[in-house]
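Engineer: run_16.txt is reproduced below (compact mmCIF, C-alpha atoms).
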```txt
# COMPACT_ATOMS: atom_id res chain seq x y z
CA MET B 1 -15.63 -31.84 17.13
CA ALA B 2 -16.87 -29.84 20.15
CA LYS B 3 -20.46 -30.35 19.05
CA ALA B 4 -19.98 -34.11 18.77
CA ALA B 5 -18.43 -34.25 22.24
CA ALA B 6 -21.26 -32.14 23.64
CA ARG B 7 -23.87 -34.49 22.11
CA LYS B 8 -22.20 -37.53 23.68
CA SER B 9 -22.13 -35.89 27.10
CA GLY B 10 -25.73 -34.67 26.82
CA VAL B 11 -24.67 -31.03 27.25
CA ALA B 12 -25.89 -28.54 24.69
CA ALA B 13 -23.11 -27.25 22.44
CA PRO B 14 -22.54 -23.52 22.77
CA SER B 15 -23.76 -21.55 19.80
CA VAL B 16 -22.46 -18.27 18.57
CA GLU B 17 -24.58 -16.03 16.44
CA ARG B 18 -23.37 -12.67 15.21
CA ARG B 19 -26.23 -10.21 15.17
CA PRO B 20 -26.05 -6.91 13.35
CA ALA B 21 -25.99 -3.79 15.50
CA LEU B 22 -29.49 -2.48 16.17
CA ALA B 23 -30.95 -5.71 14.75
CA GLY B 24 -34.67 -5.33 14.15
CA GLN B 25 -35.00 -1.82 15.54
CA GLU B 26 -37.33 0.59 13.85
CA LEU B 27 -39.57 3.44 14.86
CA SER B 28 -42.54 5.16 13.31
CA ALA B 29 -43.78 8.53 14.51
CA THR B 30 -46.06 11.05 12.86
CA GLY B 31 -44.25 12.14 9.72
CA VAL B 32 -41.07 10.07 10.12
CA THR B 33 -39.92 6.46 10.08
CA LEU B 34 -36.53 5.17 11.25
CA ALA B 35 -35.27 1.79 10.10
CA VAL B 36 -31.94 0.01 10.31
CA LEU B 37 -30.82 -0.81 6.78
CA PRO B 38 -29.52 -4.29 5.86
CA PRO B 39 -25.75 -4.88 6.03
CA ALA B 40 -23.82 -3.61 3.01
CA GLU B 41 -20.29 -3.80 1.65
CA ARG B 42 -18.38 -0.55 2.18
CA ILE B 43 -14.93 0.81 1.47
CA SER B 44 -13.13 3.98 2.35
CA LEU B 45 -11.33 4.99 -0.84
CA ARG B 46 -8.53 7.53 -1.23
CA ALA B 47 -6.96 8.31 -4.60
CA PRO B 48 -5.36 11.14 -6.56
CA ASP B 49 -7.11 12.67 -9.59
CA ALA B 50 -5.00 10.63 -11.99
CA SER B 51 -6.47 7.38 -10.60
CA VAL B 52 -10.15 8.33 -10.57
CA ALA B 53 -11.02 7.16 -14.11
CA ALA B 54 -9.52 3.68 -13.66
CA LEU B 55 -11.14 3.25 -10.25
CA SER B 56 -14.50 4.45 -11.55
CA LYS B 57 -14.32 1.88 -14.33
CA ALA B 58 -13.40 -0.93 -11.93
CA LEU B 59 -16.16 0.00 -9.49
CA GLY B 60 -18.80 0.45 -12.19
CA VAL B 61 -19.81 3.86 -10.85
CA THR B 62 -18.30 7.25 -11.65
CA LEU B 63 -16.57 8.64 -8.57
CA PRO B 64 -17.99 12.13 -8.03
CA ARG B 65 -15.51 15.01 -8.03
CA LYS B 66 -17.64 17.83 -6.64
CA PRO B 67 -18.28 18.50 -2.95
CA LYS B 68 -21.56 17.27 -1.49
CA THR B 69 -22.29 14.90 -4.39
CA SER B 70 -22.81 11.20 -4.93
CA ALA B 71 -23.25 8.84 -7.85
CA ALA B 72 -25.14 5.56 -7.96
CA LYS B 73 -25.41 2.69 -10.40
CA ALA B 74 -26.66 -0.89 -10.07
CA GLY B 75 -26.84 -0.94 -6.28
CA ARG B 76 -23.48 0.73 -5.73
CA THR B 77 -23.17 4.31 -4.46
CA ALA B 78 -20.07 6.51 -4.27
CA LEU B 79 -20.18 9.51 -1.92
CA TRP B 80 -17.70 12.37 -2.21
CA LEU B 81 -16.18 13.05 1.23
CA GLY B 82 -13.15 15.12 0.26
CA PRO B 83 -10.95 16.09 -2.70
CA ASP B 84 -9.40 12.61 -2.76
CA GLU B 85 -11.81 10.61 -0.58
CA TRP B 86 -15.00 8.60 -1.16
CA LEU B 87 -17.24 6.23 0.73
CA VAL B 88 -18.35 3.44 -1.59
CA ILE B 89 -21.42 1.44 -0.51
CA ASP B 90 -22.57 -1.72 -2.30
CA GLU B 91 -26.04 -2.94 -1.32
CA VAL B 92 -26.26 -5.92 -3.68
CA GLY B 93 -23.47 -8.11 -2.27
CA ARG B 94 -20.62 -7.30 -4.64
CA ASP B 95 -17.23 -6.57 -3.10
CA PRO B 96 -15.88 -3.11 -3.99
CA LEU B 97 -12.62 -3.90 -2.20
CA ALA B 98 -11.99 -6.81 -4.57
CA ASP B 99 -12.84 -4.59 -7.54
CA CYS B 100 -10.26 -2.02 -6.40
CA ALA B 101 -7.64 -4.72 -5.81
CA GLU B 102 -7.57 -5.40 -9.56
CA VAL B 103 -6.59 -1.79 -10.33
CA THR B 104 -2.89 -0.94 -10.54
CA VAL B 105 -3.22 2.85 -10.27
CA LEU B 106 -2.28 4.58 -7.03
CA HIS B 107 -5.04 4.33 -4.41
CA SER B 108 -5.89 3.18 -0.90
CA ALA B 109 -9.03 1.11 -0.36
CA VAL B 110 -9.95 -0.12 3.10
CA GLY B 111 -12.89 -2.38 3.88
CA ILE B 112 -15.15 -0.80 6.51
CA SER B 113 -18.26 -2.95 6.11
CA HIS B 114 -18.29 -4.07 9.74
CA ARG B 115 -17.44 -0.63 11.08
CA ASN B 116 -20.54 1.17 9.82
CA VAL B 117 -24.28 0.88 10.37
CA ALA B 118 -26.88 2.61 8.21
CA ILE B 119 -30.20 4.01 9.37
CA SER B 120 -32.87 5.28 7.00
CA VAL B 121 -34.86 8.34 8.04
CA THR B 122 -37.93 8.81 5.83
CA GLY B 123 -41.09 10.86 5.75
CA PRO B 124 -42.15 14.50 5.61
CA ALA B 125 -40.48 15.19 9.00
CA ALA B 126 -37.18 13.43 8.09
CA ALA B 127 -35.17 16.63 7.57
CA ALA B 128 -36.55 18.18 10.79
CA THR B 129 -35.65 15.00 12.67
CA ILE B 130 -32.04 15.06 11.46
CA ASN B 131 -31.77 18.84 11.89
CA SER B 132 -32.50 18.45 15.59
CA GLY B 133 -28.83 17.51 15.96
CA CYS B 134 -27.25 18.35 12.63
CA PRO B 135 -26.46 21.98 11.81
CA GLN B 136 -26.40 21.44 8.05
CA ASP B 137 -29.08 23.14 5.95
CA LEU B 138 -31.18 20.21 4.70
CA SER B 139 -33.57 22.22 2.54
CA LEU B 140 -33.91 20.76 -0.97
CA ASP B 141 -32.22 23.85 -2.42
CA ALA B 142 -29.12 23.46 -0.24
CA PHE B 143 -29.09 19.65 0.05
CA PRO B 144 -30.83 18.15 -3.00
CA VAL B 145 -31.49 14.49 -3.72
CA GLY B 146 -28.09 12.80 -4.15
CA ALA B 147 -26.30 15.26 -1.86
CA ALA B 148 -23.87 13.68 0.58
CA SER B 149 -21.62 15.00 3.31
CA ARG B 150 -19.66 14.07 6.38
CA THR B 151 -21.21 16.02 9.23
CA ILE B 152 -22.28 15.64 12.85
CA LEU B 153 -25.41 14.50 14.63
CA GLY B 154 -25.33 15.49 18.27
CA LYS B 155 -21.86 14.41 19.40
CA VAL B 156 -21.20 11.90 16.63
CA GLU B 157 -19.71 12.09 13.14
CA ILE B 158 -22.06 10.74 10.47
CA VAL B 159 -22.12 10.52 6.71
CA LEU B 160 -25.45 11.77 5.39
CA LEU B 161 -26.94 10.96 1.98
CA ARG B 162 -30.25 12.32 0.72
CA THR B 163 -31.87 9.45 -1.20
CA ALA B 164 -35.20 11.15 -2.00
CA SER B 165 -36.88 14.47 -1.26
CA ASP B 166 -38.10 13.06 2.06
CA ALA B 167 -35.53 10.32 2.71
CA PHE B 168 -31.98 10.12 4.08
CA ARG B 169 -29.37 7.45 4.74
CA VAL B 170 -27.40 8.07 7.94
CA GLU B 171 -24.10 6.15 8.12
CA CYS B 172 -22.40 5.97 11.51
CA TRP B 173 -19.81 3.86 13.26
CA ARG B 174 -21.22 0.70 14.85
CA SER B 175 -19.96 1.77 18.28
CA PHE B 176 -22.11 4.94 18.06
CA SER B 177 -25.18 3.32 16.48
CA ASP B 178 -27.18 3.05 19.72
CA TYR B 179 -26.58 6.74 20.44
CA VAL B 180 -27.54 7.74 16.87
CA PHE B 181 -30.71 5.62 16.83
CA ILE B 182 -31.85 6.88 20.25
CA PHE B 183 -31.03 10.48 19.28
CA LEU B 184 -33.04 10.16 16.07
CA SER B 185 -35.89 8.44 17.94
CA GLU B 186 -36.14 11.30 20.43
CA ALA B 187 -35.91 13.84 17.61
CA ALA B 188 -38.63 12.02 15.65
CA GLY B 189 -40.95 12.37 18.62
CA ASP B 190 -40.16 16.08 18.84
CA ALA B 191 -40.63 16.57 15.09
CA ALA B 192 -44.02 14.85 15.30
CA ALA B 193 -45.22 17.15 18.10
```
Written as structure tokens, that's how I'd like the structure from this file.
Structural biologist:
Amino acid sequence: MAKAAARKSGVAAPSVERRPALAGQELSATGVTLAVLPPAERISLRAPDASVAALSKALGVTLPRKPKTSAAKAGRTALWLGPDEWLVIDEVGRDPLADCAEVTVLHSAVGISHRNVAISVTGPAAAATINSGCPQDLSLDAFPVGAASRTILGKVEIVLLRTASDAFRVECWRSFSDYVFIFLSEAAGDAAA
């Protein structure tokens, strides 16, 4: 109705467009590329051991039970964050929160899709770039492909997933995404030097 009234009066109707955080930002330096990943569906999942099998079945991916591990299947990844805690990321548009809602076993699933932003860090200098602000040993022996952990980058908590020998997914809160991207950009320049 507001648009119709605006057309009659000759005034342009206001438009509102929600843009993702860091929309379109990317950086390439010698040995490393940073890119903001497309939006994804995410949940923070908490559950006791007795509920893990039913939740794994509903989500279509086996929830990992060992520290620093992840599991992936059909565009959905589950990252172990604690003895009873996982971050579940769906990159193909399915809703993991809805899948969990159909399960009657004890659990807590909270949608955090709009809270997080993901940045990919790829290339031979990816680990050095992240290690400029993250104290975790990112050698392939200590942090192999599929390893995941909640850690820090500079002053910010991140969730880190190694997706390939030279590639990482950095998950951070939207409100810290500018800081994380700028930090990684500066570190990429240093790693390239």
Engineer: Hey, what's within 7 Å of range 60-74 of chain B if we count all atoms listed in the file and toss same-chain stuff fewer than 3 positions away? As number ranges by chain, please?
Structural biologist: B: 52, 56-57, 77-80, 82, 146-149
Engineer: With distances taken over all atoms listed in the file, which of B:Pro96, B:Pro144, B:Gly111, B:Pro124 is nearest to Thr33 in chain B?
Structural biologist: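 When distances to Thr33 in chain B are compared using all atoms listed in the file, the smallest one comes from B:Pro124.
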Engineer: List every protein, DNA or RNA residue that has an atom no more than 10 Å from (-24.4, 3.9, 11.4) in the file's coordinate frame, counting all atoms listed in the file, and report them as JSON, numbers by chain.
Structural biologist: {"B": [21, 22, 36, 37, 115, 116, 117, 118, 119, 120, 157, 158, 159, 160, 169, 170, 171, 172, 173, 174, 175, 176, 177, 178, 179, 180, 181]}
Engineer: May I ask which of the residues B:Ala109, B:Glu26, B:Ala167, B:Leu81 is the closest one to Leu59 in chain B, counting all atoms listed in the file?
Structural biologist: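 Among the listed residues, the smallest separation from Leu59 in chain B belongs to B:Ala109.
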Engineer: Suppose you want the space between CA of Ala164 in chain B and CA of Ala127 in chain B; what is it in Å?
Structural biologist: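 CA of Ala127 in chain B lies at a distance of 11.0 Å from CA of Ala164 in chain B.
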Engineer: Which is closer to Glu102 in chain B than all the others in B:Ser165, B:Val32, B:Ala54, B:Ala128, using all atoms listed in the file?
Structural biologist: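 Ranked by minimum distance to Glu102 in chain B, first place goes to B:Ala54.
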Engineer: Would you kindly place N, CA, C and O atoms on range 36-61 of chain B and return the model as a compact mmCIF listing (two decimals), in the coordinates of the input?
Structural biologist:
```
# COMPACT_ATOMS: atom_id res chain seq x y z
N VAL B 36 -33.33 0.43 10.51
CA VAL B 36 -31.94 0.01 10.31
C VAL B 36 -31.88 -0.67 8.95
O VAL B 36 -32.68 -1.56 8.65
N LEU B 37 -30.96 -0.24 8.13
CA LEU B 37 -30.82 -0.81 6.78
C LEU B 37 -30.03 -2.12 6.84
O LEU B 37 -29.21 -2.32 7.75
N PRO B 38 -30.25 -3.01 5.87
CA PRO B 38 -29.52 -4.29 5.86
C PRO B 38 -28.01 -4.05 5.74
O PRO B 38 -27.57 -3.01 5.23
N PRO B 39 -27.21 -5.02 6.19
CA PRO B 39 -25.75 -4.88 6.03
C PRO B 39 -25.38 -4.66 4.57
O PRO B 39 -26.06 -5.14 3.66
N ALA B 40 -24.30 -3.92 4.36
CA ALA B 40 -23.82 -3.61 3.01
C ALA B 40 -22.30 -3.71 3.00
O ALA B 40 -21.66 -3.65 4.04
N GLU B 41 -21.75 -3.85 1.81
CA GLU B 41 -20.29 -3.80 1.65
C GLU B 41 -19.89 -2.35 1.51
O GLU B 41 -20.54 -1.59 0.78
N ARG B 42 -18.83 -1.94 2.23
CA ARG B 42 -18.38 -0.55 2.18
C ARG B 42 -16.87 -0.50 2.13
O ARG B 42 -16.19 -1.30 2.76
N ILE B 43 -16.36 0.52 1.42
CA ILE B 43 -14.93 0.81 1.47
C ILE B 43 -14.73 2.30 1.65
O ILE B 43 -15.54 3.11 1.23
N SER B 44 -13.63 2.62 2.29
CA SER B 44 -13.13 3.98 2.35
C SER B 44 -12.06 4.05 1.28
O SER B 44 -11.09 3.28 1.32
N LEU B 45 -12.23 4.92 0.32
CA LEU B 45 -11.33 4.99 -0.84
C LEU B 45 -10.65 6.34 -0.89
O LEU B 45 -11.30 7.38 -0.79
N ARG B 46 -9.33 6.31 -1.04
CA ARG B 46 -8.53 7.53 -1.23
C ARG B 46 -7.73 7.34 -2.51
O ARG B 46 -7.15 6.28 -2.74
N ALA B 47 -7.69 8.39 -3.33
CA ALA B 47 -6.96 8.31 -4.60
C ALA B 47 -6.72 9.69 -5.17
O ALA B 47 -7.55 10.58 -5.01
N PRO B 48 -5.60 9.86 -5.89
CA PRO B 48 -5.36 11.14 -6.56
C PRO B 48 -6.21 11.23 -7.83
O PRO B 48 -6.74 10.23 -8.33
N ASP B 49 -6.33 12.43 -8.37
CA ASP B 49 -7.11 12.67 -9.59
C ASP B 49 -6.74 11.73 -10.73
O ASP B 49 -7.62 11.26 -11.46
N ALA B 50 -5.46 11.46 -10.87
CA ALA B 50 -5.00 10.63 -11.99
C ALA B 50 -5.53 9.19 -11.93
O ALA B 50 -5.55 8.49 -12.94
N SER B 51 -5.98 8.75 -10.77
CA SER B 51 -6.47 7.38 -10.60
C SER B 51 -7.98 7.24 -10.68
O SER B 51 -8.51 6.13 -10.75
N VAL B 52 -8.69 8.35 -10.67
CA VAL B 52 -10.15 8.33 -10.57
C VAL B 52 -10.81 7.58 -11.73
O VAL B 52 -11.74 6.80 -11.52
N ALA B 53 -10.38 7.80 -12.95
CA ALA B 53 -11.02 7.16 -14.11
C ALA B 53 -10.90 5.64 -14.04
O ALA B 53 -11.89 4.93 -14.25
N ALA B 54 -9.71 5.14 -13.73
CA ALA B 54 -9.52 3.68 -13.66
C ALA B 54 -10.32 3.07 -12.51
O ALA B 54 -10.91 1.99 -12.66
N LEU B 55 -10.37 3.76 -11.38
CA LEU B 55 -11.14 3.25 -10.25
C LEU B 55 -12.64 3.30 -10.53
O LEU B 55 -13.37 2.36 -10.18
N SER B 56 -13.09 4.35 -11.18
CA SER B 56 -14.50 4.45 -11.55
C SER B 56 -14.90 3.29 -12.46
O SER B 56 -15.95 2.67 -12.28
N LYS B 57 -14.04 2.99 -13.41
CA LYS B 57 -14.32 1.88 -14.33
C LYS B 57 -14.37 0.55 -13.57
O LYS B 57 -15.28 -0.25 -13.78
N ALA B 58 -13.43 0.32 -12.69
CA ALA B 58 -13.40 -0.93 -11.93
C ALA B 58 -14.60 -1.07 -11.01
O ALA B 58 -15.13 -2.17 -10.83
N LEU B 59 -15.04 0.04 -10.42
CA LEU B 59 -16.16 0.00 -9.49
C LEU B 59 -17.52 0.01 -10.19
O LEU B 59 -18.54 -0.32 -9.57
N GLY B 60 -17.54 0.40 -11.46
CA GLY B 60 -18.80 0.45 -12.19
C GLY B 60 -19.67 1.64 -11.84
O GLY B 60 -20.85 1.67 -12.17
N VAL B 61 -19.10 2.62 -11.19
CA VAL B 61 -19.81 3.86 -10.85
C VAL B 61 -18.80 5.00 -10.93
O VAL B 61 -17.65 4.85 -10.50
```
